[in-house]
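Structure data follow from data_7.pdb (PDB, C-alpha atoms, pLDDT in the B column):
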```
ATOM      1  CA  ASP V 915     -44.452  15.898 -59.645  1.00 88.00           C
ATOM      2  CA  TRP V 916     -42.530  17.339 -56.689  1.00 91.00           C
ATOM      3  CA  ALA V 917     -39.555  14.953 -56.992  1.00 90.00           C
ATOM      4  CA  ASP V 918     -38.869  15.915 -60.602  1.00 92.00           C
ATOM      5  CA  ARG V 919     -39.089  19.581 -59.729  1.00 94.00           C
ATOM      6  CA  TYR V 920     -36.728  19.139 -56.756  1.00 93.00           C
ATOM      7  CA  LEU V 921     -34.188  17.317 -58.941  1.00 91.00           C
ATOM      8  CA  ARG V 922     -34.336  20.050 -61.587  1.00 93.00           C
ATOM      9  CA  GLU V 923     -33.830  22.791 -59.017  1.00 94.00           C
ATOM     10  CA  ASN V 924     -31.275  20.972 -56.830  1.00 94.00           C
ATOM     11  CA  GLY V 925     -29.513  18.576 -59.183  1.00 92.00           C
ATOM     12  CA  ASP V 926     -25.983  19.498 -58.103  1.00 92.00           C
ATOM     13  CA  PHE V 927     -26.826  19.033 -54.432  1.00 91.00           C
ATOM     14  CA  VAL V 928     -28.535  15.682 -55.081  1.00 89.00           C
ATOM     15  CA  ARG V 929     -25.500  14.391 -57.023  1.00 87.00           C
ATOM     16  CA  TRP V 930     -23.173  15.580 -54.256  1.00 86.00           C
ATOM     17  CA  MET V 931     -25.263  13.952 -51.481  1.00 85.00           C
ATOM     18  CA  THR V 932     -25.736  10.725 -53.423  1.00 84.00           C
ATOM     19  CA  ASN V 933     -21.978  10.269 -53.337  1.00 79.00           C
ATOM     20  CA  ARG V 934     -21.730  11.114 -49.615  1.00 80.00           C
ATOM     21  CA  ILE V 935     -24.710   9.424 -47.934  1.00 86.00           C
ATOM     22  CA  GLY V 936     -23.635   6.834 -45.415  1.00 84.00           C
ATOM     23  CA  TYR V 937     -20.003   5.937 -44.914  1.00 86.00           C
ATOM     24  CA  TRP V 938     -17.319   5.881 -47.590  1.00 87.00           C
ATOM     25  CA  PHE V 939     -13.981   4.530 -46.376  1.00 89.00           C
ATOM     26  CA  PHE V 940     -10.810   5.318 -48.307  1.00 90.00           C
ATOM     27  CA  PRO V 941      -7.269   4.227 -47.438  1.00 90.00           C
ATOM     28  CA  VAL V 942      -5.088   7.325 -47.100  1.00 93.00           C
ATOM     29  CA  SER V 943      -1.758   5.683 -46.304  1.00 94.00           C
ATOM     30  CA  VAL V 944      -0.295   2.273 -45.541  1.00 90.00           C
ATOM     31  CA  THR V 945       3.040   1.509 -43.939  1.00 93.00           C
ATOM     32  CA  VAL V 946       4.569  -1.956 -43.811  1.00 87.00           C
ATOM     33  CA  PRO V 947       8.104  -3.167 -43.175  1.00 90.00           C
ATOM     34  CA  SER V 948      10.248  -3.577 -46.286  1.00 88.00           C
ATOM     35  CA  SER V 949      10.459  -7.316 -45.569  1.00 85.00           C
ATOM     36  CA  VAL V 950       8.616  -9.773 -43.356  1.00 81.00           C
ATOM     37  CA  ARG V 951       9.639 -13.332 -42.505  1.00 84.00           C
ATOM     38  CA  ALA V 952       7.073 -16.077 -43.049  1.00 79.00           C
ATOM     39  CA  GLY V 953       5.203 -16.709 -39.804  1.00 83.00           C
ATOM     40  CA  ALA V 954       6.575 -13.587 -38.108  1.00 87.00           C
ATOM     41  CA  THR V 955       4.418 -10.809 -36.698  1.00 87.00           C
ATOM     42  CA  PHE V 956       4.856  -7.229 -37.862  1.00 86.00           C
ATOM     43  CA  ASP V 957       3.319  -3.794 -37.450  1.00 88.00           C
ATOM     44  CA  LEU V 958       0.971  -2.532 -40.124  1.00 87.00           C
ATOM     45  CA  GLY V 959       0.127   1.172 -40.200  1.00 90.00           C
ATOM     46  CA  LEU V 960      -3.086   2.164 -41.947  1.00 87.00           C
ATOM     47  CA  ALA V 961      -4.849   5.534 -42.113  1.00 89.00           C
ATOM     48  CA  ILE V 962      -8.499   5.446 -43.191  1.00 88.00           C
ATOM     49  CA  GLU V 963     -10.652   8.446 -44.100  1.00 90.00           C
ATOM     50  CA  ASN V 964     -14.452   8.343 -43.935  1.00 88.00           C
ATOM     51  CA  ARG V 965     -15.587  10.695 -46.700  1.00 87.00           C
ATOM     52  CA  GLY V 966     -19.256   9.997 -46.052  1.00 86.00           C
ATOM     53  CA  VAL V 967     -21.655  11.872 -43.808  1.00 85.00           C
ATOM     54  CA  ALA V 968     -22.199   9.180 -41.173  1.00 87.00           C
ATOM     55  CA  PRO V 969     -20.308   6.628 -39.112  1.00 87.00           C
ATOM     56  CA  THR V 970     -21.101   2.923 -39.258  1.00 88.00           C
ATOM     57  CA  TYR V 971     -23.343   1.632 -36.521  1.00 90.00           C
ATOM     58  CA  ARG V 972     -22.353  -1.995 -37.039  1.00 91.00           C
ATOM     59  CA  GLN V 973     -18.897  -3.471 -36.649  1.00 91.00           C
ATOM     60  CA  TYR V 974     -17.654  -5.158 -39.804  1.00 90.00           C
ATOM     61  CA  ALA V 975     -14.782  -7.599 -40.175  1.00 91.00           C
ATOM     62  CA  PHE V 976     -11.579  -5.842 -41.205  1.00 89.00           C
ATOM     63  CA  LYS V 977      -9.338  -7.885 -43.454  1.00 91.00           C
ATOM     64  CA  VAL V 978      -5.899  -7.371 -44.941  1.00 88.00           C
ATOM     65  CA  ARG V 979      -4.617  -9.114 -48.057  1.00 90.00           C
ATOM     66  CA  LEU V 980      -0.878  -9.682 -48.362  1.00 85.00           C
ATOM     67  CA  ARG V 981       0.791 -10.698 -51.614  1.00 86.00           C
ATOM     68  CA  GLY V 982       4.337 -11.657 -52.330  1.00 82.00           C
ATOM     69  CA  GLN V 983       6.435 -14.266 -54.107  1.00 84.00           C
ATOM     70  CA  GLY V 984       3.411 -15.777 -55.821  1.00 90.00           C
ATOM     71  CA  LEU V 985       1.407 -16.141 -52.597  1.00 88.00           C
ATOM     72  CA  VAL V 986      -1.800 -14.388 -51.558  1.00 92.00           C
ATOM     73  CA  ARG V 987      -3.074 -14.528 -47.965  1.00 88.00           C
ATOM     74  CA  ASP V 988      -6.068 -12.847 -46.315  1.00 91.00           C
ATOM     75  CA  TYR V 989      -6.047 -12.065 -42.591  1.00 89.00           C
ATOM     76  CA  GLU V 990      -8.815 -10.784 -40.364  1.00 89.00           C
ATOM     77  CA  VAL V 991      -7.694  -8.074 -37.919  1.00 86.00           C
ATOM     78  CA  PRO V 992      -9.909  -8.518 -34.834  1.00 84.00           C
ATOM     79  CA  SER V 993      -8.782  -5.406 -32.929  1.00 85.00           C
ATOM     80  CA  VAL V 994     -10.131  -2.924 -35.520  1.00 86.00           C
ATOM     81  CA  ASP V 995     -13.444  -1.209 -34.756  1.00 89.00           C
ATOM     82  CA  ASN V 996     -14.744   0.616 -37.822  1.00 89.00           C
ATOM     83  CA  ARG V 997     -17.490   2.259 -35.736  1.00 90.00           C
ATOM     84  CA  ALA V 998     -14.822   4.650 -34.460  1.00 88.00           C
ATOM     85  CA  TRP V 999     -14.073   5.895 -37.998  1.00 87.00           C
ATOM     86  CA  LEU V1000     -16.219   9.024 -37.878  1.00 84.00           C
ATOM     87  CA  ASP V1001     -17.379  10.987 -40.892  1.00 82.00           C
ATOM     88  CA  GLY V1002     -15.017  13.730 -41.944  1.00 75.00           C
ATOM     89  CA  GLN V1003     -12.044  12.083 -40.205  1.00 72.00           C
TER      90      GLN V1003
END
```

Translate the structure described by the file into structure tokens.
Amino acid sequence: DWADRYLRENGDFVRWMTNRIGYWFFPVSVTVPSSVRAGATFDLGLAIENRGVAPTYRQYAFKVRLRGQGLVRDYEVPSVDNRAWLDGQ
């Protein structure tokens, strides 16, 4: 059938696109202070790359997990809008 023929003739392209369709977010760099006091606020720097071929059209919750001294805490970061993370950026 036509699908089998297309896959035979365009297999490399199909494999490439399969791993690009939609949005694929990857952390590129993270910067945090060398120490943070319990309960204190601090600046977190994070660079994200969207290696997919599309942006998201829905805003998702962005969460950060911090670990240290046997503790693990998850925090939601409300000011982050993943819809602005465009493909190829």

Test item: the PyMOL selection byres ((chain V and resi 975) around 8) resolved as a ChimeraX atom specification: /V:973-974,976-977,990-992

To one decimal in Å, tell me the separation between atom CA of Ala998 of chain V and atom CA of Arg965 of chain V.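 Taking atom CA of Ala998 of chain V and atom CA of Arg965 of chain V, their separation equals 13.7 Å.
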
So for segment 932-939 of chain V, what box centre and size do we get, axis-aligned, 8 Å extra on each of the six sides, every listed atom, Å to one decimal, as AutoDock Vina command-line options?
```
--center_x -19.9 --center_y 7.8 --center_z -49.2 --size_x 27.8 --size_y 22.6 --size_z 24.5
```

Residues picked by the PyMOL selection byres ((chain V and resi 944) around 10) here, as number ranges by chain? V: 941-943, 945-946, 958-962

Take the PyMOL selection byres ((chain V and resi 979) around 10), apply it to the structure above, and return the hits as JSON, numbers by chain. {"V": [977, 978, 980, 981, 986, 987, 988, 989, 990]}

Using all atoms listed in the file, which of the listed residues (V:Gln983, V:Asn964, V:Asn996, V:Gln1003) sits closest to Trp938 of chain V?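 Closest candidate: V:Asn964.
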
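Pairwise distance (atom CA of Leu1000 of chain V, atom CA of Gly936 of chain V) equals 10.8 Å.
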
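For the atom pair formed by atom CA of Arg997 of chain V and atom CA of Pro969 of chain V, the distance is 6.2 Å, given to one decimal.
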
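With only C-alpha atoms as the atoms that count, the residue of V:Leu985, V:Asp995, V:Glu923, V:Gly966 with the shortest distance to Phe940 of chain V is V:Gly966.
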